[in-house]
file query_1.csv (CSV, C-alpha atoms)
chain,number,residue,atom,x,y,z
A,56,MET,CA,-18.8,-19.1,-1.6
A,57,LYS,CA,-19.9,-15.8,-3.3
A,58,LYS,CA,-18.3,-13.8,-0.5
A,59,ASN,CA,-15.1,-15.7,-0.9
A,60,ILE,CA,-15.0,-15.0,-4.7
A,61,ILE,CA,-15.6,-11.3,-4.1
A,62,ILE,CA,-12.7,-11.2,-1.5
A,63,TRP,CA,-10.4,-12.8,-4.1
A,64,LEU,CA,-11.5,-10.4,-6.8
A,65,ALA,CA,-10.8,-7.5,-4.4
A,66,ILE,CA,-7.3,-9.0,-3.7
A,67,PHE,CA,-6.6,-9.4,-7.4
A,68,SER,CA,-7.8,-5.8,-8.2
A,69,PHE,CA,-5.8,-4.3,-5.3
A,70,ASN,CA,-2.7,-6.1,-6.4
A,71,LEU,CA,-3.1,-5.0,-10.0
A,72,PHE,CA,-3.6,-1.3,-9.2
A,73,SER,CA,-0.9,-1.1,-6.5
A,74,SER,CA,1.7,-3.1,-8.5
A,75,PHE,CA,1.8,-0.5,-11.3
A,76,THR,CA,2.5,2.2,-8.6
A,77,HIS,CA,6.2,1.4,-8.6
A,78,ILE,CA,6.4,2.0,-12.3
A,79,ALA,CA,4.2,5.1,-12.3
A,80,GLY,CA,6.0,6.5,-9.3
A,81,LYS,CA,9.5,6.0,-10.8
A,82,GLU,CA,8.4,7.9,-13.9
A,83,ALA,CA,7.0,10.8,-11.9
A,84,VAL,CA,9.8,11.2,-9.3
A,85,THR,CA,12.5,11.6,-11.9
A,86,GLN,CA,10.8,14.8,-13.2
A,87,ILE,CA,8.8,16.3,-10.3
A,88,THR,CA,9.9,16.7,-6.6
A,89,PRO,CA,8.4,14.1,-4.2
A,90,TRP,CA,6.8,17.0,-2.1
A,91,SER,CA,4.7,18.1,-5.1
A,92,ILE,CA,3.9,14.5,-6.1
A,93,ALA,CA,2.5,13.8,-2.7
A,94,PHE,CA,0.5,17.1,-2.8
A,95,PHE,CA,-1.2,16.4,-6.1
A,96,ARG,CA,-1.7,12.7,-5.2
A,97,SER,CA,-3.5,13.5,-1.9
A,98,ILE,CA,-5.8,16.0,-3.6
A,99,LEU,CA,-6.7,13.6,-6.4
A,100,ALA,CA,-7.4,10.9,-3.9
A,101,VAL,CA,-9.8,13.0,-1.9
A,102,PHE,CA,-11.6,14.0,-5.1
A,103,ILE,CA,-12.1,10.5,-6.4
A,104,LEU,CA,-13.2,9.2,-2.9
A,105,TRP,CA,-15.6,12.1,-2.6
A,106,VAL,CA,-17.1,11.1,-6.0
A,107,LEU,CA,-17.5,7.5,-4.8
A,108,MET,CA,-19.2,8.8,-1.6
A,109,ARG,CA,-21.6,10.9,-3.7
A,110,VAL,CA,-22.4,8.0,-6.1
A,111,SER,CA,-22.9,5.5,-3.3
A,112,GLY,CA,-25.1,7.9,-1.4
A,113,LYS,CA,-23.1,7.3,1.8
A,114,THR,CA,-22.9,9.8,4.7
A,115,ILE,CA,-20.7,10.1,7.7
A,116,TYR,CA,-21.3,11.0,11.3
A,117,LEU,CA,-17.9,11.4,12.8
A,118,GLU,CA,-17.9,10.9,16.6
A,119,ARG,CA,-15.8,13.4,18.4
A,120,VAL,CA,-13.9,10.7,20.2
A,121,ASP,CA,-12.6,9.3,16.9
A,122,SER,CA,-11.4,12.7,15.5
A,123,PHE,CA,-7.9,12.3,16.9
A,124,ARG,CA,-7.7,8.7,15.7
A,125,PHE,CA,-8.4,9.8,12.2
A,126,VAL,CA,-5.7,12.5,12.5
A,127,ILE,CA,-3.2,9.7,13.4
A,128,LEU,CA,-4.4,7.5,10.6
A,129,GLY,CA,-4.3,10.4,8.1
A,130,ALA,CA,-0.8,11.3,9.2
A,131,LEU,CA,0.4,7.6,8.8
A,132,ALA,CA,-1.3,7.2,5.4
A,133,VAL,CA,-0.4,10.4,3.7
A,134,PRO,CA,2.5,12.6,5.0
A,135,LEU,CA,4.4,9.7,6.5
A,136,ASN,CA,3.8,6.7,4.2
A,137,GLN,CA,3.2,8.3,0.8
A,138,LEU,CA,5.9,10.9,1.1
A,139,ALA,CA,8.5,8.5,2.5
A,140,PHE,CA,7.7,6.1,-0.3
A,141,ILE,CA,8.2,8.7,-3.0
A,142,ILE,CA,11.4,10.1,-1.5
A,143,GLY,CA,12.9,6.6,-1.0
A,144,LEU,CA,12.0,5.6,-4.5
A,145,ASN,CA,14.1,8.5,-5.7
A,146,TYR,CA,17.3,7.1,-4.0
A,147,THR,CA,17.0,3.4,-4.6
A,148,PRO,CA,16.6,0.9,-7.5
A,149,VAL,CA,13.0,-0.1,-8.2
A,150,SER,CA,13.7,-3.5,-6.7
A,151,HIS,CA,14.2,-2.2,-3.2
A,152,PRO,CA,10.7,-0.9,-2.4
A,153,ALA,CA,9.4,-4.2,-3.8
A,154,VAL,CA,11.5,-6.2,-1.3
A,155,LEU,CA,10.9,-3.9,1.6
A,156,TYR,CA,7.1,-3.7,1.1
A,157,ALA,CA,7.0,-7.5,0.9
A,158,THR,CA,7.9,-7.6,4.6
A,159,THR,CA,4.7,-5.6,5.4
A,160,SER,CA,2.8,-8.8,6.4
A,161,ALA,CA,5.5,-9.7,9.0
A,162,TRP,CA,5.5,-6.2,10.6
A,163,VAL,CA,1.6,-6.2,10.6
A,164,LEU,CA,1.5,-9.6,12.3
A,165,ILE,CA,4.1,-8.5,15.0
A,166,MET,CA,2.2,-5.3,15.7
A,167,SER,CA,-1.2,-7.1,15.7
A,168,VAL,CA,0.0,-9.6,18.2
A,169,LEU,CA,1.7,-7.0,20.5
A,170,ILE,CA,-1.5,-4.9,20.8
A,171,GLY,CA,-3.8,-8.0,21.0
A,172,VAL,CA,-5.6,-7.6,17.6
A,173,GLU,CA,-4.5,-11.1,16.5
A,174,ARG,CA,-3.1,-14.3,18.0
A,175,LEU,CA,0.0,-16.0,16.9
A,176,ARG,CA,-0.7,-19.1,14.7
A,177,TRP,CA,1.7,-21.4,12.8
A,178,TRP,CA,-0.1,-20.9,9.5
A,179,LYS,CA,0.4,-17.2,9.7
A,180,TRP,CA,4.2,-17.4,10.0
A,181,VAL,CA,4.4,-20.1,7.3
A,182,GLY,CA,2.2,-18.1,5.0
A,183,ILE,CA,4.1,-14.9,5.5
A,184,GLY,CA,7.4,-16.7,5.3
A,185,LEU,CA,6.5,-18.2,1.9
A,186,SER,CA,5.3,-14.9,0.5
A,187,ILE,CA,8.6,-13.2,1.5
A,188,ILE,CA,10.7,-16.1,0.2
A,189,GLY,CA,8.8,-15.9,-3.1
A,190,VAL,CA,9.8,-12.2,-3.5
A,191,PHE,CA,13.5,-13.1,-2.6
A,192,VAL,CA,13.4,-15.8,-5.3
A,193,LEU,CA,12.2,-13.2,-7.8
A,194,MET,CA,14.8,-10.6,-6.9
A,195,GLY,CA,17.8,-12.9,-6.7
A,196,GLU,CA,21.0,-11.1,-6.9
A,197,LYS,CA,19.3,-7.7,-6.9
A,198,ILE,CA,18.7,-8.1,-3.1
A,199,LEU,CA,22.5,-7.9,-2.7
A,200,THR,CA,22.6,-4.4,-4.2
A,201,PHE,CA,21.8,-2.9,-0.8
A,202,GLY,CA,24.8,-0.7,0.2
A,203,ASP,CA,26.1,2.7,1.2
A,204,GLU,CA,24.9,4.4,-2.0
A,205,THR,CA,21.3,3.4,-1.3
A,206,ILE,CA,21.2,3.3,2.5
A,207,PHE,CA,19.3,6.6,2.8
A,208,GLY,CA,16.6,5.6,0.5
A,209,ASP,CA,16.3,2.1,2.1
A,210,ILE,CA,15.9,3.6,5.5
A,211,VAL,CA,13.2,6.0,4.3
A,212,LEU,CA,11.4,3.2,2.5
A,213,LEU,CA,11.6,1.1,5.7
A,214,PHE,CA,10.0,4.0,7.5
A,215,ALA,CA,7.2,4.0,4.9
A,216,VAL,CA,6.6,0.3,5.4
A,217,LEU,CA,6.4,0.6,9.1
A,218,SER,CA,4.0,3.6,8.8
A,219,TRP,CA,1.8,1.6,6.5
A,220,SER,CA,1.9,-1.5,8.7
A,221,LEU,CA,0.9,0.5,11.8
A,222,TYR,CA,-1.8,2.2,9.8
A,223,THR,CA,-3.2,-1.2,8.8
A,224,VAL,CA,-3.3,-2.5,12.3
A,225,ILE,CA,-4.8,0.5,14.1
A,226,CYS,CA,-7.3,1.0,11.3
A,227,LYS,CA,-9.0,-2.4,12.0
A,228,PRO,CA,-11.5,-1.3,14.7
A,229,ILE,CA,-12.2,2.0,13.0
A,230,VAL,CA,-13.2,0.4,9.7
A,231,GLU,CA,-15.5,-2.1,11.5
A,232,ARG,CA,-17.3,0.9,13.0
A,233,TYR,CA,-17.5,3.3,10.1
A,234,GLY,CA,-17.3,1.1,6.9
A,235,ALA,CA,-14.6,0.9,4.3
A,236,LEU,CA,-15.4,3.8,1.9
A,237,GLU,CA,-16.2,6.1,4.8
A,238,THR,CA,-13.0,5.3,6.6
A,239,THR,CA,-10.9,5.7,3.5
A,240,PHE,CA,-12.5,9.0,2.7
A,241,LEU,CA,-12.0,10.4,6.2
A,242,VAL,CA,-8.4,9.1,6.4
A,243,MET,CA,-7.4,10.7,3.1
A,244,CYS,CA,-9.2,14.0,4.0
A,245,PHE,CA,-7.4,14.3,7.3
A,246,GLY,CA,-4.1,13.3,5.6
A,247,ALA,CA,-4.5,15.8,2.8
A,248,ILE,CA,-5.3,18.6,5.3
A,249,LEU,CA,-2.2,17.8,7.4
A,250,TYR,CA,0.0,17.8,4.4
A,251,PHE,CA,-1.6,20.7,2.5
A,252,PRO,CA,0.5,23.6,3.9
A,253,PHE,CA,3.8,21.9,3.2
A,254,GLY,CA,2.8,20.5,-0.1
A,255,LEU,CA,1.4,23.9,-1.3
A,256,TYR,CA,4.6,25.6,-0.4
A,257,PHE,CA,6.9,23.2,-2.3
A,258,THR,CA,4.5,23.1,-5.2
A,259,ILE,CA,4.3,26.9,-5.6
A,260,ALA,CA,8.1,27.1,-5.4
A,261,GLY,CA,8.6,24.1,-7.7
A,262,ASP,CA,9.7,24.1,-11.4
A,263,PHE,CA,7.5,22.0,-13.6
A,264,SER,CA,8.8,23.2,-17.0
A,265,THR,CA,10.7,19.9,-17.6
A,266,ALA,CA,7.9,17.6,-16.5
A,267,GLY,CA,6.6,15.5,-19.3
A,268,ILE,CA,3.2,13.9,-19.9
A,269,ASP,CA,4.4,10.6,-18.5
A,270,ALA,CA,5.2,12.2,-15.2
A,271,TRP,CA,1.7,13.8,-15.0
A,272,LEU,CA,0.1,10.6,-16.0
A,273,GLY,CA,2.1,8.9,-13.2
A,274,ILE,CA,0.7,11.4,-10.6
A,275,ILE,CA,-2.8,11.0,-11.9
A,276,TYR,CA,-2.5,7.2,-11.7
A,277,MET,CA,-1.1,7.3,-8.1
A,278,GLY,CA,-3.7,9.8,-7.0
A,279,ILE,CA,-6.8,8.1,-8.4
A,280,LEU,CA,-6.0,4.4,-8.8
A,281,THR,CA,-3.5,4.0,-6.0
A,282,SER,CA,-4.5,6.4,-3.2
A,283,GLY,CA,-8.1,6.3,-4.2
A,284,VAL,CA,-9.2,2.9,-5.5
A,285,ALA,CA,-6.4,0.7,-4.1
A,286,TYR,CA,-6.5,2.3,-0.7
A,287,TYR,CA,-10.2,1.7,-0.6
A,288,LEU,CA,-9.8,-2.0,-1.6
A,289,TRP,CA,-7.2,-2.4,1.2
A,290,ILE,CA,-9.6,-1.1,3.8
A,291,TRP,CA,-12.5,-3.0,2.3
A,292,LEU,CA,-10.5,-6.2,2.8
A,293,LEU,CA,-9.4,-5.1,6.3
A,294,GLU,CA,-13.1,-4.8,7.2
A,295,ARG,CA,-13.6,-8.5,6.3
A,296,ILE,CA,-10.4,-10.4,7.2
A,297,ARG,CA,-7.5,-10.1,9.6
A,298,PRO,CA,-4.8,-7.4,9.3
A,299,SER,CA,-2.1,-10.0,8.6
A,300,GLN,CA,-4.3,-11.7,5.9
A,301,VAL,CA,-4.7,-8.3,4.2
A,302,ALA,CA,-1.0,-7.4,4.6
A,303,VAL,CA,0.3,-10.6,3.0
A,304,VAL,CA,-1.3,-9.5,-0.3
A,305,ALA,CA,1.5,-6.9,-0.6
A,306,SER,CA,3.9,-9.7,-1.4
A,307,ALA,CA,2.2,-10.3,-4.7
A,308,GLN,CA,3.2,-6.8,-5.9
A,309,PRO,CA,6.8,-7.6,-7.0
A,310,PRO,CA,6.0,-10.4,-9.4
A,311,THR,CA,3.0,-8.5,-10.7
A,312,THR,CA,5.1,-5.4,-11.2
A,313,VAL,CA,7.6,-7.5,-13.2
A,314,LEU,CA,4.8,-8.9,-15.4
A,315,LEU,CA,3.5,-5.3,-16.0
A,316,ALA,CA,7.0,-4.1,-16.9
A,317,TRP,CA,7.2,-7.0,-19.4
A,318,ILE,CA,3.8,-5.9,-20.9
A,319,VAL,CA,4.4,-2.2,-20.9
A,320,TYR,CA,8.2,-1.9,-21.5
A,321,GLY,CA,9.0,-5.3,-23.0
A,322,GLU,CA,11.4,-6.1,-20.1
A,323,VAL,CA,11.7,-9.8,-20.4
A,324,PRO,CA,11.6,-11.3,-16.8
A,325,SER,CA,14.0,-14.0,-15.5
A,326,SER,CA,13.0,-17.7,-15.3
A,327,SER,CA,12.6,-17.3,-11.6
A,328,LEU,CA,9.3,-15.3,-12.1
A,329,LEU,CA,7.2,-18.5,-12.4
A,330,TRP,CA,8.7,-20.0,-9.2
A,331,SER,CA,8.2,-16.6,-7.4
A,332,ILE,CA,4.5,-16.5,-8.4
A,333,LEU,CA,3.9,-20.0,-7.2
A,334,ILE,CA,5.6,-19.5,-3.9
A,335,VAL,CA,4.0,-16.1,-3.2
A,336,LEU,CA,0.5,-17.4,-4.2
A,337,SER,CA,0.9,-20.5,-1.9
A,338,GLY,CA,1.7,-18.1,1.0
A,339,ILE,CA,-1.3,-15.9,0.2
A,340,VAL,CA,-3.7,-18.9,-0.2
A,341,LEU,CA,-2.5,-20.4,3.1
A,342,MET,CA,-3.0,-17.1,4.9
A,343,VAL,CA,-6.4,-16.1,3.4
A,344,ALA,CA,-8.0,-19.5,2.6
A,345,TYR,CA,-6.7,-21.7,5.5
A,346,GLY,CA,-7.1,-18.9,8.0
A,347,GLY,CA,-10.8,-18.6,7.1
A,348,LYS,CA,-13.0,-15.6,7.7
A,349,LYS,CA,-12.4,-13.4,10.7
A,350,GLU,CA,-14.7,-13.5,13.7
A,351,LYS,CA,-13.9,-10.9,16.3
A,352,PRO,CA,-10.6,-9.0,16.5
A,353,SER,CA,-9.9,-10.3,20.0
A,354,LEU,CA,-10.4,-13.9,18.9
A,355,ASN,CA,-8.0,-14.0,16.0
call {"tool": "encode", "arguments": {"input": "query_1.csv", "output": "structure tokens"}}
result
Amino acid sequence: MKKNIIIWLAIFSFNLFSSFTHIAGKEAVTQITPWSIAFFRSILAVFILWVLMRVSGKTIYLERVDSFRFVILGALAVPLNQLAFIIGLNYTPVSHPAVLYATTSAWVLIMSVLIGVERLRWWKWVGIGLSIIGVFVLMGEKILTFGDETIFGDIVLLFAVLSWSLYTVICKPIVERYGALETTFLVMCFGAILYFPFGLYFTIAGDFSTAGIDAWLGIIYMGILTSGVAYYLWIWLLERIRPSQVAVVASAQPPTTVLLAWIVYGEVPSSSLLWSILIVLSGIVLMVAYGGKKEKPSLN
């Protein structure tokens, strides 16, 4: 019972931290180039994770055979996922990343089944279907705004979603061997190193004279609370439950983001918010509670 409560607290915390990312990211990307945002974000993430490593007293022995795997994970998490998300956010309405990231659970389940990490079960498809339907209920007519003027941003965002989905699936056996905090720290270190030359170039050449305090606060938020804390919580959950069970949590971000926008900016939500919350939550509960705890990856 206690372990279940901790898992649900981790789900709630991840959802809260990650949901505000859409708001913080939109504020930052309108004033600072995506290349520089990703650069600062990766450095801040490594710093906060290093602090957590020091405080917890954890150490890492990286096996040589896993070095290349961490390079792949770092590339998927930082240069590919984060940069694609920020670039796509600059070319689409804020509703689009919410809708696209809501499909993460479906992509993760498909990939997990294909590589043999999970088995196909009826409750997985029903839970994932409910979570995605809940997001569609929330967005309503905004879903129909996909068109030629946003197609570039939508494709880039879809690439970000696929990168994050693949990262989630192939990270499963790694986190079970190294631990959540150690894995997150190594992934962000490798990702930051891979992106550093490109990010440094664009940052040195960039113009920050028009960037306001809200943009810098958005970068600090994404670096520390999103790439640091939220990423760690995602991997912590991945260590304990199935990839598809973790991924379905992403569907709770759109309604939570709407609630946060209401609190922060006074943007009154539509009446569909309540129905969206109920449908999304029912999908998450079915996936996480009915699915039970994970046993071994090959037996899922």
call {"tool": "atom_distance", "arguments": {"input": "query_1.csv", "atom1": "atom CA of Ser97 of chain A", "atom2": "atom CA of Leu131 of chain A"}}
result
12.8 Å
call {"tool": "closest_residue", "arguments": {"input": "query_1.csv", "among": "A:Val168, A:Ile210, A:Ile334, A:Ala260", "to": "Ala307 of chain A", "atoms": "only C-alpha atoms"}}
result
A:Ile334
call {"tool": "atom_distance", "arguments": {"input": "query_1.csv", "atom1": "atom CA of Lys113 of chain A", "atom2": "atom CA of Gly283 of chain A"}}
result
16.2 Å
call {"tool": "residues_around", "arguments": {"input": "query_1.csv", "residues": "Ala270 of chain A", "least_positions_apart": "2", "cutoff": "8 Å", "atoms": "all atoms listed in the file", "output": "list of chain:residue names"}}
result
A:Ala79, A:Glu82, A:Ala83, A:Val84, A:Gln86, A:Ile87, A:Ala266, A:Gly267, A:Ile268, A:Leu272, A:Gly273, A:Ile274
call {"tool": "residues_around", "arguments": {"input": "query_1.csv", "residues": "Pro310 of chain A", "least_positions_apart": "5", "cutoff": "8 Å", "atoms": "all atoms listed in the file", "output": "list in words"}}
result
Val190, Leu193, Leu328, Ser331 and Ile332 of chain A
call {"tool": "write_last_selection", "arguments": {"input": "query_1.csv", "atoms": "C-alpha atoms", "output": "mmCIF file, in the coordinates of the input"}}
result
data_model
loop_
_atom_site.group_PDB
_atom_site.id
_atom_site.type_symbol
_atom_site.label_atom_id
_atom_site.label_comp_id
_atom_site.auth_asym_id
_atom_site.auth_seq_id
_atom_site.Cartn_x
_atom_site.Cartn_y
_atom_site.Cartn_z
ATOM 1 C CA VAL A 190 9.800 -12.200 -3.500
ATOM 2 C CA LEU A 193 12.200 -13.200 -7.800
ATOM 3 C CA LEU A 328 9.300 -15.300 -12.100
ATOM 4 C CA SER A 331 8.200 -16.600 -7.400
ATOM 5 C CA ILE A 332 4.500 -16.500 -8.400
#
call {"tool": "closest_residue", "arguments": {"input": "query_1.csv", "among": "A:Ile165, A:Leu217, A:Met277, A:Met243", "to": "Gly129 of chain A", "atoms": "only C-alpha atoms"}}
result
A:Met243
call {"tool": "atom_distance", "arguments": {"input": "query_1.csv", "atom1": "atom CA of Gly338 of chain A", "atom2": "atom CA of Ile183 of chain A"}}
result
6.0 Å
call {"tool": "closest_residue", "arguments": {"input": "query_1.csv", "among": "A:Tyr116, A:Phe240, A:Phe253, A:Tyr146", "to": "Ala93 of chain A", "atoms": "only C-alpha atoms"}}
result
A:Phe253
call {"tool": "closest_residue", "arguments": {"input": "query_1.csv", "among": "A:Glu173, A:Asn136, A:Thr85, A:Ser73", "to": "Thr265 of chain A", "atoms": "only C-alpha atoms"}}
result
A:Thr85
call {"tool": "residues_around", "arguments": {"input": "query_1.csv", "residues": "Ala316 of chain A", "least_positions_apart": "4", "cutoff": "12 Å", "atoms": "all atoms listed in the file", "output": "number ranges by chain"}}
result
A: 74-79, 149, 308-312, 320-324
call {"tool": "write_last_selection", "arguments": {"input": "query_1.csv", "atoms": "C-alpha atoms", "output": "CSV table (one decimal), in the coordinates of the input"}}
result
chain,number,residue,atom,x,y,z
A,74,SER,CA,1.7,-3.1,-8.5
A,75,PHE,CA,1.8,-0.5,-11.3
A,76,THR,CA,2.5,2.2,-8.6
A,77,HIS,CA,6.2,1.4,-8.6
A,78,ILE,CA,6.4,2.0,-12.3
A,79,ALA,CA,4.2,5.1,-12.3
A,149,VAL,CA,13.0,-0.1,-8.2
A,308,GLN,CA,3.2,-6.8,-5.9
A,309,PRO,CA,6.8,-7.6,-7.0
A,310,PRO,CA,6.0,-10.4,-9.4
A,311,THR,CA,3.0,-8.5,-10.7
A,312,THR,CA,5.1,-5.4,-11.2
A,320,TYR,CA,8.2,-1.9,-21.5
A,321,GLY,CA,9.0,-5.3,-23.0
A,322,GLU,CA,11.4,-6.1,-20.1
A,323,VAL,CA,11.7,-9.8,-20.4
A,324,PRO,CA,11.6,-11.3,-16.8
call {"tool": "closest_residue", "arguments": {"input": "query_1.csv", "among": "A:Val101, A:Val340, A:Val230, A:Leu107", "to": "Asn59 of chain A", "atoms": "all atoms listed in the file"}}
result
A:Val340
call {"tool": "residues_around", "arguments": {"input": "query_1.csv", "residues": "Leu288 of chain A", "least_positions_apart": "6", "cutoff": "12 Å", "atoms": "only C-alpha atoms", "output": "compact mmCIF listing (two decimals) with C-alpha atoms, keeping the file's coordinate frame"}}
result
# COMPACT_ATOMS: atom_id res chain seq x y z
CA ILE A 61 -15.60 -11.30 -4.10
CA ILE A 62 -12.70 -11.20 -1.50
CA TRP A 63 -10.40 -12.80 -4.10
CA LEU A 64 -11.50 -10.40 -6.80
CA ALA A 65 -10.80 -7.50 -4.40
CA ILE A 66 -7.30 -9.00 -3.70
CA PHE A 67 -6.60 -9.40 -7.40
CA SER A 68 -7.80 -5.80 -8.20
CA PHE A 69 -5.80 -4.30 -5.30
CA ASN A 70 -2.70 -6.10 -6.40
CA LEU A 71 -3.10 -5.00 -10.00
CA PHE A 72 -3.60 -1.30 -9.20
CA SER A 73 -0.90 -1.10 -6.50
CA LEU A 104 -13.20 9.20 -2.90
CA GLY A 234 -17.30 1.10 6.90
CA ALA A 235 -14.60 0.90 4.30
CA LEU A 236 -15.40 3.80 1.90
CA THR A 238 -13.00 5.30 6.60
CA THR A 239 -10.90 5.70 3.50
CA LEU A 280 -6.00 4.40 -8.80
CA THR A 281 -3.50 4.00 -6.00
CA SER A 282 -4.50 6.40 -3.20
CA GLU A 294 -13.10 -4.80 7.20
CA ARG A 295 -13.60 -8.50 6.30
CA VAL A 301 -4.70 -8.30 4.20
CA VAL A 304 -1.30 -9.50 -0.30
call {"tool": "residues_around", "arguments": {"input": "query_1.csv", "residues": "Ala161 of chain A", "least_positions_apart": "6", "cutoff": "9 Å", "atoms": "all atoms listed in the file", "output": "PDB file with C-alpha atoms, keeping the file's coordinate frame"}}
result
ATOM      1  CA  TRP A 180       4.200 -17.400  10.000  1.00  0.00           C
ATOM      2  CA  ILE A 183       4.100 -14.900   5.500  1.00  0.00           C
ATOM      3  CA  GLY A 184       7.400 -16.700   5.300  1.00  0.00           C
ATOM      4  CA  ILE A 187       8.600 -13.200   1.500  1.00  0.00           C
ATOM      5  CA  SER A 220       1.900  -1.500   8.700  1.00  0.00           C
ATOM      6  CA  SER A 299      -2.100 -10.000   8.600  1.00  0.00           C
ATOM      7  CA  ALA A 302      -1.000  -7.400   4.600  1.00  0.00           C
ATOM      8  CA  VAL A 303       0.300 -10.600   3.000  1.00  0.00           C
TER       9      VAL A 303
END
call {"tool": "closest_residue", "arguments": {"input": "query_1.csv", "among": "A:Arg297, A:Val313, A:Ile188, A:Ala139", "to": "Ser337 of chain A", "atoms": "only C-alpha atoms"}}
result
A:Ile188
call {"tool": "residues_near_point", "arguments": {"input": "query_1.csv", "point": "(-2.3, 16.7, -6.3)", "cutoff": "12 Å", "atoms": "all atoms listed in the file", "output": "PDB file with C-alpha atoms, keeping the file's coordinate frame"}}
result
ATOM      1  CA  ILE A  87       8.800  16.300 -10.300  1.00  0.00           C
ATOM      2  CA  PRO A  89       8.400  14.100  -4.200  1.00  0.00           C
ATOM      3  CA  TRP A  90       6.800  17.000  -2.100  1.00  0.00           C
ATOM      4  CA  SER A  91       4.700  18.100  -5.100  1.00  0.00           C
ATOM      5  CA  ILE A  92       3.900  14.500  -6.100  1.00  0.00           C
ATOM      6  CA  ALA A  93       2.500  13.800  -2.700  1.00  0.00           C
ATOM      7  CA  PHE A  94       0.500  17.100  -2.800  1.00  0.00           C
ATOM      8  CA  PHE A  95      -1.200  16.400  -6.100  1.00  0.00           C
ATOM      9  CA  ARG A  96      -1.700  12.700  -5.200  1.00  0.00           C
ATOM     10  CA  SER A  97      -3.500  13.500  -1.900  1.00  0.00           C
ATOM     11  CA  ILE A  98      -5.800  16.000  -3.600  1.00  0.00           C
ATOM     12  CA  LEU A  99      -6.700  13.600  -6.400  1.00  0.00           C
ATOM     13  CA  ALA A 100      -7.400  10.900  -3.900  1.00  0.00           C
ATOM     14  CA  VAL A 101      -9.800  13.000  -1.900  1.00  0.00           C
ATOM     15  CA  PHE A 102     -11.600  14.000  -5.100  1.00  0.00           C
ATOM     16  CA  ILE A 103     -12.100  10.500  -6.400  1.00  0.00           C
ATOM     17  CA  VAL A 133      -0.400  10.400   3.700  1.00  0.00           C
ATOM     18  CA  ALA A 247      -4.500  15.800   2.800  1.00  0.00           C
ATOM     19  CA  TYR A 250       0.000  17.800   4.400  1.00  0.00           C
ATOM     20  CA  PHE A 251      -1.600  20.700   2.500  1.00  0.00           C
ATOM     21  CA  GLY A 254       2.800  20.500  -0.100  1.00  0.00           C
ATOM     22  CA  LEU A 255       1.400  23.900  -1.300  1.00  0.00           C
ATOM     23  CA  PHE A 257       6.900  23.200  -2.300  1.00  0.00           C
ATOM     24  CA  THR A 258       4.500  23.100  -5.200  1.00  0.00           C
ATOM     25  CA  TRP A 271       1.700  13.800 -15.000  1.00  0.00           C
ATOM     26  CA  LEU A 272       0.100  10.600 -16.000  1.00  0.00           C
ATOM     27  CA  GLY A 273       2.100   8.900 -13.200  1.00  0.00           C
ATOM     28  CA  ILE A 274       0.700  11.400 -10.600  1.00  0.00           C
ATOM     29  CA  ILE A 275      -2.800  11.000 -11.900  1.00  0.00           C
ATOM     30  CA  TYR A 276      -2.500   7.200 -11.700  1.00  0.00           C
ATOM     31  CA  MET A 277      -1.100   7.300  -8.100  1.00  0.00           C
ATOM     32  CA  GLY A 278      -3.700   9.800  -7.000  1.00  0.00           C
ATOM     33  CA  ILE A 279      -6.800   8.100  -8.400  1.00  0.00           C
ATOM     34  CA  SER A 282      -4.500   6.400  -3.200  1.00  0.00           C
TER      35      SER A 282
END
